[in-house]
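Data from structure.txt: compact mmCIF, C-alpha atoms and all ligand atoms
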# COMPACT_ATOMS: atom_id res chain seq x y z
CA MET A 1 0.00 0.00 0.00
CA LEU A 2 1.20 3.52 -0.72
CA GLN A 3 2.69 5.09 2.39
CA TRP A 4 0.22 7.98 2.47
CA LYS A 5 -2.71 5.57 2.23
CA LYS A 6 -1.83 3.90 5.53
CA ASN A 7 -3.72 4.48 8.82
CA ARG A 8 -6.14 7.09 7.57
CA LYS A 9 -8.94 8.36 9.79
CA ILE A 10 -12.18 9.31 8.08
CA LEU A 11 -15.31 10.83 9.52
CA LEU A 12 -18.43 9.81 7.62
CA ALA A 13 -21.35 12.21 8.04
CA ILE A 14 -24.63 10.85 6.69
CA THR A 15 -27.49 13.24 5.99
CA GLY A 16 -31.13 12.65 5.08
CA GLY A 17 -31.40 11.65 1.45
CA ILE A 18 -32.73 8.42 -0.05
CA SER A 19 -29.25 7.34 -1.20
CA ALA A 20 -28.29 7.07 2.48
CA TYR A 21 -29.47 3.49 2.02
CA LYS A 22 -26.20 2.87 0.11
CA THR A 23 -23.98 3.97 2.99
CA PRO A 24 -23.63 0.50 4.65
CA GLU A 25 -21.97 -0.68 1.40
CA ILE A 26 -19.71 2.38 1.46
CA VAL A 27 -18.81 1.67 5.10
CA ARG A 28 -17.71 -1.85 4.13
CA ALA A 29 -15.56 -0.46 1.32
CA MET A 30 -14.03 2.07 3.71
CA ILE A 31 -13.11 -0.68 6.12
CA ARG A 32 -11.64 -2.72 3.24
CA SER A 33 -9.57 0.37 2.37
CA GLY A 34 -8.06 0.14 5.84
CA TRP A 35 -9.66 3.33 7.15
CA GLU A 36 -10.47 3.98 10.75
CA LEU A 37 -14.00 5.36 10.89
CA GLU A 38 -16.30 7.51 12.93
CA ILE A 39 -19.87 7.81 11.72
CA VAL A 40 -22.29 10.66 12.41
CA LEU A 41 -25.96 10.64 11.38
CA THR A 42 -28.44 13.46 11.21
CA GLU A 43 -31.92 12.88 12.61
CA GLU A 44 -33.28 12.75 9.05
CA ALA A 45 -30.63 10.21 8.00
CA GLU A 46 -31.87 7.82 10.71
CA ARG A 47 -35.10 7.52 8.70
CA PHE A 48 -33.22 6.29 5.61
CA VAL A 49 -30.60 3.98 7.07
CA SER A 50 -30.45 1.89 10.20
CA PRO A 51 -27.95 3.11 12.83
CA MET A 52 -27.74 -0.49 14.02
CA VAL A 53 -26.56 -1.73 10.60
CA LEU A 54 -23.92 1.00 10.43
CA SER A 55 -22.58 0.43 13.94
CA THR A 56 -22.45 -3.34 13.36
CA LEU A 57 -20.48 -2.94 10.12
CA ALA A 58 -18.16 -0.34 11.60
CA GLY A 59 -17.75 -2.36 14.79
CA LYS A 60 -18.26 0.67 17.01
CA ARG A 61 -20.87 3.11 18.29
CA ILE A 62 -22.10 5.79 15.97
CA TRP A 63 -22.94 9.39 16.75
CA LYS A 64 -26.46 10.77 16.50
CA GLN A 65 -28.00 14.19 16.78
CA ALA A 66 -29.16 13.20 20.28
CA ASP A 67 -25.48 13.10 21.36
CA TYR A 68 -25.07 16.80 20.59
CA LEU A 69 -25.08 18.80 23.80
CA SER A 70 -26.90 15.94 25.56
CA ASP A 71 -26.84 15.38 29.33
CA GLU A 72 -25.55 11.89 28.66
CA SER A 73 -22.51 12.60 26.44
CA GLY A 74 -22.66 16.35 25.85
CA TRP A 75 -19.92 16.99 28.39
CA ARG A 76 -17.54 15.08 26.13
CA ILE A 77 -18.11 17.80 23.52
CA PRO A 78 -18.39 15.28 20.68
CA HIS A 79 -18.49 17.94 17.97
CA ILE A 80 -15.02 19.15 18.94
CA ALA A 81 -13.50 15.73 19.57
CA LEU A 82 -14.92 14.45 16.27
CA ALA A 83 -13.78 17.57 14.40
CA GLU A 84 -10.17 17.26 15.60
CA TRP A 85 -9.82 13.55 14.95
CA PRO A 86 -10.10 12.82 11.18
CA ASP A 87 -7.80 13.25 8.19
CA ALA A 88 -10.90 13.92 6.05
CA VAL A 89 -14.62 14.42 6.53
CA MET A 90 -17.11 13.15 3.96
CA VAL A 91 -20.74 14.25 3.88
CA ILE A 92 -22.53 11.51 2.02
CA PRO A 93 -25.16 11.76 0.75
CA ALA A 94 -25.22 15.54 1.06
CA SER A 95 -28.92 16.44 0.93
CA ALA A 96 -30.14 19.80 -0.39
CA GLU A 97 -30.98 20.72 3.19
CA SER A 98 -27.55 19.82 4.57
CA ILE A 99 -25.85 21.77 1.76
CA SER A 100 -28.02 24.78 2.51
CA ARG A 101 -27.28 24.55 6.24
CA ALA A 102 -23.54 24.17 5.70
CA ALA A 103 -23.52 27.14 3.31
CA ARG A 104 -25.05 29.21 6.12
CA GLY A 105 -22.54 27.88 8.64
CA GLU A 106 -25.25 26.58 10.98
CA ALA A 107 -24.20 25.01 14.24
CA GLY A 108 -27.56 23.76 15.51
CA THR A 109 -26.74 20.15 14.64
CA LEU A 110 -23.88 17.82 15.53
CA ILE A 111 -22.77 17.73 11.88
CA GLY A 112 -23.01 21.51 11.59
CA GLY A 113 -20.83 21.91 14.68
CA ILE A 114 -18.25 19.45 13.32
CA LEU A 115 -18.10 21.19 9.93
CA LEU A 116 -17.39 24.52 11.59
CA ALA A 117 -14.84 23.14 14.03
CA THR A 118 -12.81 20.85 11.76
CA ARG A 119 -9.62 21.80 9.94
CA ALA A 120 -9.62 18.57 7.91
CA PRO A 121 -10.59 18.64 4.22
CA VAL A 122 -14.33 18.11 3.75
CA LEU A 123 -15.86 16.35 0.75
CA PHE A 124 -19.55 16.82 -0.04
CA PHE A 125 -21.26 14.20 -2.20
CA PRO A 126 -24.54 15.85 -3.23
CA ALA A 127 -27.26 13.35 -4.18
CA MET A 128 -30.90 14.31 -4.71
CA ASN A 129 -33.67 14.75 -7.24
CA VAL A 130 -32.36 16.37 -10.44
CA ASN A 131 -34.68 19.39 -10.15
CA MET A 132 -33.58 20.00 -6.58
CA TYR A 133 -29.93 19.71 -7.66
CA GLU A 134 -30.40 22.13 -10.55
CA HIS A 135 -32.45 24.63 -8.57
CA PRO A 136 -30.72 28.03 -8.49
CA ALA A 137 -30.82 27.99 -4.68
CA THR A 138 -28.88 24.69 -4.56
CA ILE A 139 -26.47 25.89 -7.26
CA GLN A 140 -25.89 29.03 -5.21
CA ASN A 141 -25.30 27.02 -2.03
CA ILE A 142 -22.87 24.71 -3.82
CA LYS A 143 -20.93 27.72 -5.13
CA THR A 144 -20.80 29.11 -1.61
CA LEU A 145 -19.46 25.82 -0.26
CA SER A 146 -16.79 25.69 -2.99
CA SER A 147 -15.73 29.24 -2.21
CA LEU A 148 -15.41 28.24 1.45
CA GLY A 149 -12.86 25.61 0.45
CA TYR A 150 -15.04 22.50 0.58
CA HIS A 151 -14.66 19.82 -2.10
CA LEU A 152 -17.89 19.26 -4.00
CA ILE A 153 -18.08 15.97 -5.91
CA GLU A 154 -20.51 16.12 -8.81
CA PRO A 155 -23.28 13.56 -8.69
CA HIS A 156 -23.57 11.10 -11.55
CA THR A 157 -26.32 11.16 -14.16
CA GLY A 158 -28.80 8.31 -14.45
CA TYR A 159 -31.89 6.77 -12.96
CA LEU A 160 -32.81 8.36 -9.62
CA ALA A 161 -34.63 6.69 -6.74
CA CYS A 162 -37.46 9.25 -7.05
CA GLY A 163 -38.23 7.91 -10.54
CA TYR A 164 -36.58 10.79 -12.46
CA GLU A 165 -33.67 10.47 -14.91
CA GLY A 166 -30.91 13.03 -14.58
CA LYS A 167 -28.03 14.35 -12.53
CA GLY A 168 -28.30 13.52 -8.86
CA ARG A 169 -27.09 9.94 -8.36
CA LEU A 170 -24.57 9.18 -5.70
CA PRO A 171 -21.37 8.03 -7.48
CA GLU A 172 -20.59 4.31 -7.22
CA THR A 173 -18.75 3.17 -4.11
CA ASP A 174 -15.32 2.81 -5.77
CA ALA A 175 -15.63 6.35 -7.10
CA VAL A 176 -16.37 7.63 -3.60
CA ILE A 177 -13.28 5.88 -2.23
CA HIS A 178 -11.08 7.22 -5.07
CA GLU A 179 -12.31 10.77 -4.43
CA VAL A 180 -11.21 10.54 -0.80
CA TRP A 181 -7.83 9.17 -1.85
CA ARG A 182 -7.43 12.01 -4.31
CA THR A 183 -8.11 14.52 -1.55
CA LEU A 184 -5.64 12.83 0.80
CA CYS A 185 -2.90 12.44 -1.83
CA PRO A 186 0.03 14.61 -0.67
CA ASP A 187 1.36 15.24 -4.21
CA ARG A 188 -0.44 17.61 -6.54
CA ASP A 189 2.34 18.05 -9.09
CA LEU A 190 0.12 17.20 -12.07
CA GLU A 191 -2.31 20.03 -11.31
CA GLY A 192 -3.04 21.89 -14.54
CA LYS A 193 -1.31 19.16 -16.58
CA ARG A 194 -2.92 16.95 -19.19
CA VAL A 195 -1.89 13.33 -19.17
CA LEU A 196 -2.60 10.73 -21.84
CA VAL A 197 -2.11 7.08 -20.94
CA THR A 198 -2.53 4.03 -23.16
CA ALA A 199 -3.24 0.63 -21.64
CA GLY A 200 -4.19 -2.93 -22.40
CA PRO A 201 -3.78 -5.16 -25.43
CA THR A 202 -5.10 -4.63 -28.94
CA TRP A 203 -7.17 -7.13 -30.90
CA GLU A 204 -6.19 -7.62 -34.52
CA PHE A 205 -9.04 -9.47 -36.17
CA LEU A 206 -8.35 -12.20 -38.76
CA ASP A 207 -12.01 -12.99 -39.43
CA PRO A 208 -15.28 -12.08 -37.65
CA VAL A 209 -14.50 -14.23 -34.60
CA ARG A 210 -10.71 -14.59 -34.28
CA PHE A 211 -8.00 -12.15 -33.43
CA LEU A 212 -4.30 -11.86 -32.62
CA SER A 213 -3.61 -10.41 -29.19
CA ASN A 214 -1.52 -10.78 -26.03
CA PRO A 215 -2.22 -11.32 -22.30
CA SER A 216 -1.94 -7.65 -21.26
CA SER A 217 -4.53 -6.87 -18.57
CA GLY A 218 -4.12 -3.09 -18.73
CA LYS A 219 -3.48 -2.96 -14.96
CA MET A 220 -0.18 -1.06 -15.14
CA GLY A 221 -1.58 1.56 -17.50
CA TYR A 222 -4.69 1.89 -15.39
CA GLN A 223 -2.56 2.56 -12.30
CA MET A 224 -0.48 5.14 -14.20
CA ALA A 225 -3.78 6.88 -15.06
CA ARG A 226 -5.33 6.53 -11.60
CA THR A 227 -2.25 7.77 -9.75
CA ALA A 228 -1.89 10.69 -12.20
CA TRP A 229 -5.48 11.62 -11.31
CA TYR A 230 -4.66 11.37 -7.59
CA ARG A 231 -1.88 13.89 -8.28
CA LYS A 232 -4.54 16.20 -9.76
CA GLY A 233 -3.81 15.62 -13.45
CA SER A 234 -6.52 15.76 -16.13
CA VAL A 235 -6.24 12.24 -17.41
CA THR A 236 -7.33 10.51 -20.61
CA LEU A 237 -6.98 6.74 -20.86
CA VAL A 238 -6.98 5.17 -24.33
CA HIS A 239 -7.38 1.47 -23.70
CA GLY A 240 -7.76 -1.75 -25.62
CA PRO A 241 -10.20 -4.49 -24.54
CA VAL A 242 -9.76 -4.91 -20.77
CA GLU A 243 -11.99 -5.88 -17.86
CA ASN A 244 -14.21 -3.16 -16.41
CA ARG A 245 -12.64 -0.97 -13.77
CA CYS A 246 -13.79 2.16 -12.00
CA THR A 247 -12.75 4.96 -14.35
CA HIS A 248 -14.40 7.75 -12.35
CA GLY A 249 -12.66 11.06 -12.99
CA ILE A 250 -10.75 9.73 -16.00
CA VAL A 251 -11.79 10.34 -19.61
CA THR A 252 -11.77 6.94 -21.27
CA VAL A 253 -11.44 6.15 -24.96
CA PRO A 254 -12.02 2.45 -25.61
CA VAL A 255 -10.45 1.05 -28.77
CA VAL A 256 -10.01 -2.43 -30.21
CA SER A 257 -7.21 -2.46 -32.80
CA ALA A 258 -3.75 -0.89 -32.97
CA LEU A 259 -4.88 1.30 -35.87
CA GLU A 260 -7.75 2.69 -33.79
CA MET A 261 -5.40 3.31 -30.90
CA TYR A 262 -2.99 5.03 -33.28
CA HIS A 263 -5.68 7.46 -34.52
CA GLU A 264 -7.00 8.21 -31.02
CA VAL A 265 -3.51 8.88 -29.63
CA ILE A 266 -2.20 10.93 -32.55
CA ARG A 267 -5.20 13.28 -32.55
CA ARG A 268 -4.63 13.95 -28.84
CA THR A 269 -0.84 14.21 -28.89
CA GLU A 270 -0.56 17.97 -29.17
CA GLU A 271 -2.89 18.80 -26.28
CA ASN A 272 -1.22 16.55 -23.70
CA ASP A 273 1.77 17.46 -21.53
CA LEU A 274 2.70 13.89 -20.66
CA ILE A 275 2.09 10.79 -22.76
CA VAL A 276 2.54 7.37 -21.20
CA LYS A 277 2.46 4.43 -23.57
CA ALA A 278 1.77 1.44 -21.36
CA ALA A 279 -0.33 -0.43 -23.93
CA ALA A 280 0.88 -3.72 -25.37
CA VAL A 281 0.14 -2.75 -28.95
CA GLY A 282 -0.04 -5.52 -31.52
CA ASP A 283 2.82 -5.07 -33.97
CA PHE A 284 1.08 -6.94 -36.78
CA ARG A 285 -2.40 -7.17 -38.22
CA SER A 286 -3.85 -9.36 -40.91
CA SER A 287 -3.42 -7.82 -44.38
CA GLU A 288 -7.14 -8.42 -44.83
CA ILE A 289 -9.94 -9.42 -42.48
CA ALA A 290 -11.83 -12.41 -43.93
CA PRO A 291 -15.51 -11.48 -44.21
CA GLN A 292 -16.57 -15.00 -43.11
CA LYS A 293 -15.13 -17.31 -40.48
CA ILE A 294 -11.99 -18.98 -41.86
CA LYS A 295 -12.58 -22.73 -42.37
CA ARG A 296 -10.20 -25.59 -41.57
CA THR A 297 -8.04 -26.49 -44.55
CA GLU A 298 -7.50 -29.76 -46.45
CA ASP A 299 -3.71 -29.64 -46.17
CA ASN A 300 -3.69 -28.72 -42.42
CA VAL A 301 -1.96 -25.41 -43.07
CA LEU A 302 -3.23 -21.89 -42.99
CA ASN A 303 -0.99 -19.14 -44.27
CA LEU A 304 -1.66 -15.73 -42.88
CA SER A 305 -0.33 -12.60 -44.43
CA LEU A 306 0.43 -9.95 -41.82
CA VAL A 307 1.32 -6.32 -42.22
CA GLN A 308 3.03 -4.15 -39.65
CA ASN A 309 0.98 -1.71 -37.55
CA PRO A 310 2.22 1.84 -37.12
CA ASP A 311 4.46 2.27 -34.10
CA ILE A 312 2.42 4.76 -32.11
CA ALA A 313 5.18 5.70 -29.69
CA LEU A 314 7.58 6.30 -32.57
CA GLU A 315 5.09 8.61 -34.28
CA VAL A 316 4.42 10.50 -31.03
CA GLY A 317 8.19 10.78 -30.51
CA LYS A 318 8.57 12.39 -33.96
CA LYS A 319 5.73 14.86 -33.39
CA LYS A 320 6.27 15.82 -29.79
CA ARG A 321 7.51 19.21 -28.62
CA GLU A 322 10.50 19.64 -26.29
CA ASP A 323 8.19 20.48 -23.38
CA GLN A 324 6.21 17.26 -23.75
CA ILE A 325 7.26 14.13 -21.92
CA LEU A 326 6.94 10.74 -23.59
CA VAL A 327 7.20 7.64 -21.44
CA GLY A 328 7.28 4.17 -22.97
CA PHE A 329 7.14 0.69 -21.54
CA ALA A 330 9.28 -2.12 -22.86
CA ALA A 331 8.49 -5.74 -22.21
CA GLU A 332 11.74 -7.51 -22.96
CA SER A 333 12.89 -11.08 -22.56
CA ARG A 334 16.61 -10.75 -23.44
CA ASP A 335 19.37 -8.11 -23.52
CA LEU A 336 16.96 -6.13 -21.41
CA VAL A 337 18.72 -2.86 -20.73
CA GLU A 338 20.48 -2.76 -24.05
CA ASN A 339 17.22 -3.19 -25.99
CA ALA A 340 15.30 -0.76 -23.80
CA ARG A 341 17.98 1.94 -24.24
CA LYS A 342 17.90 1.53 -28.01
CA LYS A 343 14.12 1.79 -28.01
CA LEU A 344 14.19 4.93 -25.88
CA ALA A 345 16.57 6.64 -28.30
CA ARG A 346 14.85 5.46 -31.49
CA LYS A 347 11.40 6.52 -30.31
CA ASN A 348 12.59 9.83 -28.82
CA MET A 349 11.23 8.95 -25.37
CA ASN A 350 12.16 10.76 -22.16
CA TYR A 351 11.85 7.65 -20.03
CA ILE A 352 11.39 3.98 -20.70
CA ILE A 353 10.07 1.55 -18.12
CA LEU A 354 11.67 -1.82 -18.58
CA ASN A 355 9.55 -4.83 -17.67
CA ASP A 356 11.38 -8.13 -17.45
CA ILE A 357 8.73 -10.52 -18.74
CA SER A 358 10.92 -13.50 -17.94
CA ALA A 359 11.03 -12.52 -14.23
CA GLY A 360 8.05 -14.81 -13.51
CA GLU A 361 5.63 -14.33 -10.66
CA GLY A 362 5.33 -10.90 -9.13
CA SER A 363 5.78 -8.98 -12.35
CA GLY A 364 4.56 -8.37 -15.85
CA PHE A 365 1.34 -9.36 -17.60
CA GLN A 366 -1.83 -9.75 -15.51
CA SER A 367 -0.09 -9.70 -12.13
CA ASP A 368 -1.07 -7.10 -9.51
CA ASP A 369 2.61 -6.61 -8.76
CA ASN A 370 5.47 -5.47 -10.91
CA LYS A 371 9.25 -5.20 -11.02
CA VAL A 372 10.56 -2.57 -13.38
CA THR A 373 13.63 -0.52 -14.18
CA VAL A 374 13.15 3.12 -15.07
CA ILE A 375 15.70 4.33 -17.59
CA SER A 376 16.08 8.02 -18.33
CA ARG A 377 17.37 9.70 -21.47
CA THR A 378 20.70 10.32 -19.79
CA GLY A 379 21.05 6.61 -19.13
CA ASP A 380 20.30 6.75 -15.39
CA MET A 381 18.50 3.73 -14.01
CA VAL A 382 16.42 2.95 -10.95
CA SER A 383 14.71 -0.31 -10.08
CA LEU A 384 11.28 -0.42 -8.51
CA SER A 385 9.07 -3.21 -7.25
CA GLY A 386 5.75 -3.47 -5.44
CA THR A 387 2.09 -3.41 -6.34
CA LYS A 388 1.39 -1.87 -9.73
CA GLU A 389 -0.12 1.10 -7.89
CA GLU A 390 3.04 1.62 -5.83
CA VAL A 391 5.26 1.23 -8.90
CA ALA A 392 3.10 3.67 -10.88
CA TYR A 393 3.24 6.23 -8.09
CA ARG A 394 7.03 5.98 -7.84
CA ILE A 395 7.37 6.33 -11.62
CA TRP A 396 5.50 9.64 -11.35
CA ASP A 397 7.79 10.68 -8.45
CA ILE A 398 10.79 10.12 -10.72
CA ILE A 399 9.35 11.74 -13.83
CA LEU A 400 7.98 14.78 -12.04
CA SER A 401 10.89 15.81 -9.89
CA PRO A 402 14.12 14.09 -10.89
CA LYS A 403 16.27 17.10 -9.96
CA GLU A 404 14.76 17.67 -6.52
CA ARG A 405 15.37 14.06 -5.62
CA PRO A 406 19.14 13.59 -5.92
CA GLY A 407 20.20 10.02 -5.51
CA ILE A 408 16.95 8.71 -6.89
CA PHE A 409 18.93 7.02 -9.62
CA GLU A 410 21.41 4.70 -7.94
O1 LIG B 501 6.57 -3.23 -28.68
P1 LIG B 501 7.71 -2.41 -28.09
O2 LIG B 501 8.48 -3.20 -27.08
O3 LIG B 501 8.52 -1.69 -29.10
O4 LIG B 501 6.97 -1.31 -27.22
C1 LIG B 501 7.69 -0.26 -26.64
C2 LIG B 501 6.80 0.93 -26.44
O5 LIG B 501 6.24 1.32 -27.69
C3 LIG B 501 5.61 0.73 -25.53
O6 LIG B 501 5.48 1.91 -24.79
C4 LIG B 501 4.45 0.51 -26.45
O7 LIG B 501 3.23 0.93 -25.88
C5 LIG B 501 4.86 1.34 -27.65
N1 LIG B 501 4.35 0.80 -28.91
C6 LIG B 501 3.51 1.58 -29.68
N2 LIG B 501 3.05 1.12 -30.89
C7 LIG B 501 3.42 -0.10 -31.35
C8 LIG B 501 4.29 -0.89 -30.58
C9 LIG B 501 4.74 -0.42 -29.37
O8 LIG B 501 3.16 2.67 -29.25
N3 LIG B 501 2.97 -0.51 -32.53

What would you get if you wrote out this structure as structure tokens?
Amino acid sequence: MLQWKKNRKILLAITGGISAYKTPEIVRAMIRSGWELEIVLTEEAERFVSPMVLSTLAGKRIWKQADYLSDESGWRIPHIALAEWPDAVMVIPASAESISRAARGEAGTLIGGILLATRAPVLFFPAMNVNMYEHPATIQNIKTLSSLGYHLIEPHTGYLACGYEGKGRLPETDAVIHEVWRTLCPDRDLEGKRVLVTAGPTWEFLDPVRFLSNPSSGKMGYQMARTAWYRKGSVTLVHGPVENRCTHGIVTVPVVSALEMYHEVIRRTEENDLIVKAAAVGDFRSSEIAPQKIKRTEDNVLNLSLVQNPDIALEVGKKKREDQILVGFAAESRDLVENARKKLARKNMNYIILNDISAGEGSGFQSDDNKVTVISRTGDMVSLSGTKEEVAYRIWDIILSPKERPGIFE
């Protein structure tokens, strides 16, 4: 796990909206993320979600409005103790009423008191009927909250519990967790930067049902994109066919073949500051795609004629400006460093990440872990290993501040 992700303390404030019924699932995900939790409910929230379910899942008592200034526990001043404790506060769902109250700085409720007293970052997840969300009064309140330094996470668009279609859905649980990570991420060195990442394999069809491909899972590229987003980059991910992952916050461009990937990357090359080519692009495609399924042959042989796909990284390398950074990946099985260095020079890359695909378990295709060597244009090298998320994060550390980190290349 990334160092800054360890031992985080999160205060979950639940207010009275129908999507509060999703919060037990969110609590489970928070516990899986290793977070220590405190949970506060408004009186209205108690009507949408059972305090008993929440306290059972969290394994501890939860805080209710009745605890605020009560004879029983009021002397403990829960709103101050709870305000001082967390690394981040999330208001989820944030009802129209709770947004309005927070914009006015009310302190008549336990949550209101906590919001005024805390110095931790606060994330609001508005979720409500689309008309309520788009009402000028709500828009005004949201603007006020933003100007006060709160983080407002836009609701998703879709089917709403009230029967309407539109903007107002609570984002999926993984998206909620990623938003908190993004807020807690200590590095914001990609703020204002545009990052393009490619990931996954390509499929080069031979006939309507068969294709040439490779076992790339897209995990490394996904982590390069996700960690760039944590560091506040505006991220676009061009990916081949891969399993579904939470792409919240990332612009995704799904493609199938190398030629499609080529077109999608080239048309975005100019506008991006950093381009990371983590995709395992097919080097060859069939010279023609058979319109019908290819049949078995009499003589047990099938000759395929293949043509070479464009080398996307090479084309980007030719086009790129001096101020743009191009990072490639190289999956090599022999003469590793030598081949990677040649590739870096030929494709005009700034860095190449060498993946030893013969290293076996704990690295390469499909694995959640990786062992890589980062090679810079000047020939410096550093080896990294860990989960693909950790490796991706360290790669950004190296790319984004090589000079401020002397000794990073051993
Ligand atoms: O396939 P190769 O080892 O040359 O890949 C090195 C780098 O070039 C990788 O970053 C890969 O994504 C990129 N590449 C590409 N287009 C290709 C082949 C490779 O962009 N047709």

task: Could you pull out the residues sitting within 10 Å of ligand LIG 501 (chain B), using all atoms listed in the file, and write them as number ranges by chain?
output: A: 197-202, 221, 258-259, 261-262, 265, 275-284, 308-317, 326-332, 339-340, 342-344, 346-347, 349, 351-355

query: Skipping near chain neighbours, those fewer than 3 positions away, what residues fall within 7 Å of A:Ile62 using all atoms listed in the file, listed as a ChimeraX atom specification?
result: /A:38-40,55

- request: Counting all atoms listed in the file, figure out which residue out of A:Met1, A:Val391, A:Ile289, A:Ile92 gets nearest to A:Leu123.
  value: A:Ile92

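Closest approach to A:Thr109 among A:Ala66, A:Ile139, A:Cys185, A:Leu11: A:Ala66, based on all atoms listed in the file.
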
task: Around the point (-28.4, 17.2, -5.5) in the file's coordinates, collect all residues with an atom within 10 Å, using all atoms listed in the file, and return them as JSON, numbers by chain.
output: {"A": [17, 93, 94, 95, 96, 97, 99, 125, 126, 127, 128, 129, 130, 131, 132, 133, 134, 135, 138, 139, 142, 154, 155, 156, 167, 168, 169, 170]}

field: Straight-line distance linking atom CA of A:Ser358 with atom CA of A:Leu212, stated in Å to one decimal
entry: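 It comes out at 21.2 Å.
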
Which residue of A:Asn7, A:Ser217, A:Ser286, A:Thr236 approaches A:Ser257 most closely, using all atoms listed in the file: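 Among A:Asn7, A:Ser217, A:Ser286, A:Thr236, it is A:Ser286 that comes nearest to A:Ser257.
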
message: Residues proximal to (-2.3, 15.0, -27.1) were defined as those with any atom within 10 Å of that point in the file's coordinates, counting only C-alpha atoms. Which are they, as a list in words?
response: Arg194, Val195, Leu196, Thr236, Glu264, Val265, Ile266, Arg267, Arg268, Thr269, Glu270, Glu271, Asn272, Asp273, Leu274, Ile275, Val316, Lys320 and Gln324 of chain A

message: Here is a test: counting only C-alpha atoms, which residue of A:Gln3, A:Ser33, A:Thr118, A:Asn214 is nearest to A:Ile177?
response: A:Ser33

task: Please identify all polymer residues within 12 Å of A:Ala107, counting only C-alpha atoms, omitting same-chain residues fewer than 2 positions from it, and present them as JSON, numbers by chain.
output: {"A": [65, 68, 69, 79, 80, 98, 101, 102, 103, 104, 105, 109, 110, 111, 112, 113, 114, 115, 116, 117]}

Give me the residues near A:Thr378 as an mmCIF file with C-alpha atoms, in the coordinates of the input, where near means some atom within 12 Å (using only C-alpha atoms) and where sequence neighbours in that chain fewer than 2 positions away do not count.
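File part28.cif, as written:
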data_model
loop_
_atom_site.group_PDB
_atom_site.id
_atom_site.type_symbol
_atom_site.label_atom_id
_atom_site.label_comp_id
_atom_site.auth_asym_id
_atom_site.auth_seq_id
_atom_site.Cartn_x
_atom_site.Cartn_y
_atom_site.Cartn_z
ATOM 1 C CA ARG A 341 17.980 1.940 -24.240
ATOM 2 C CA LEU A 344 14.190 4.930 -25.880
ATOM 3 C CA ALA A 345 16.570 6.640 -28.300
ATOM 4 C CA MET A 349 11.230 8.950 -25.370
ATOM 5 C CA ASN A 350 12.160 10.760 -22.160
ATOM 6 C CA TYR A 351 11.850 7.650 -20.030
ATOM 7 C CA ILE A 352 11.390 3.980 -20.700
ATOM 8 C CA VAL A 374 13.150 3.120 -15.070
ATOM 9 C CA ILE A 375 15.700 4.330 -17.590
ATOM 10 C CA SER A 376 16.080 8.020 -18.330
ATOM 11 C CA ASP A 380 20.300 6.750 -15.390
ATOM 12 C CA MET A 381 18.500 3.730 -14.010
ATOM 13 C CA PRO A 402 14.120 14.090 -10.890
ATOM 14 C CA PHE A 409 18.930 7.020 -9.620
#

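Between atom CA of A:Gln292 and atom CA of A:Leu206 lies a distance of 9.7 Å.
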
field: For atom CA of A:Ser385 and atom CA of A:Val337, the interatomic separation in Å (one decimal)
entry: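 Those two atoms sit 16.6 Å apart.
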
query: Which of these, A:Glu172, A:Val180, A:Thr42, A:Leu306, has the shortest distance to A:Gly158 once you count all atoms listed in the file?
result: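 Among the listed residues, A:Glu172 lies closest to A:Gly158.
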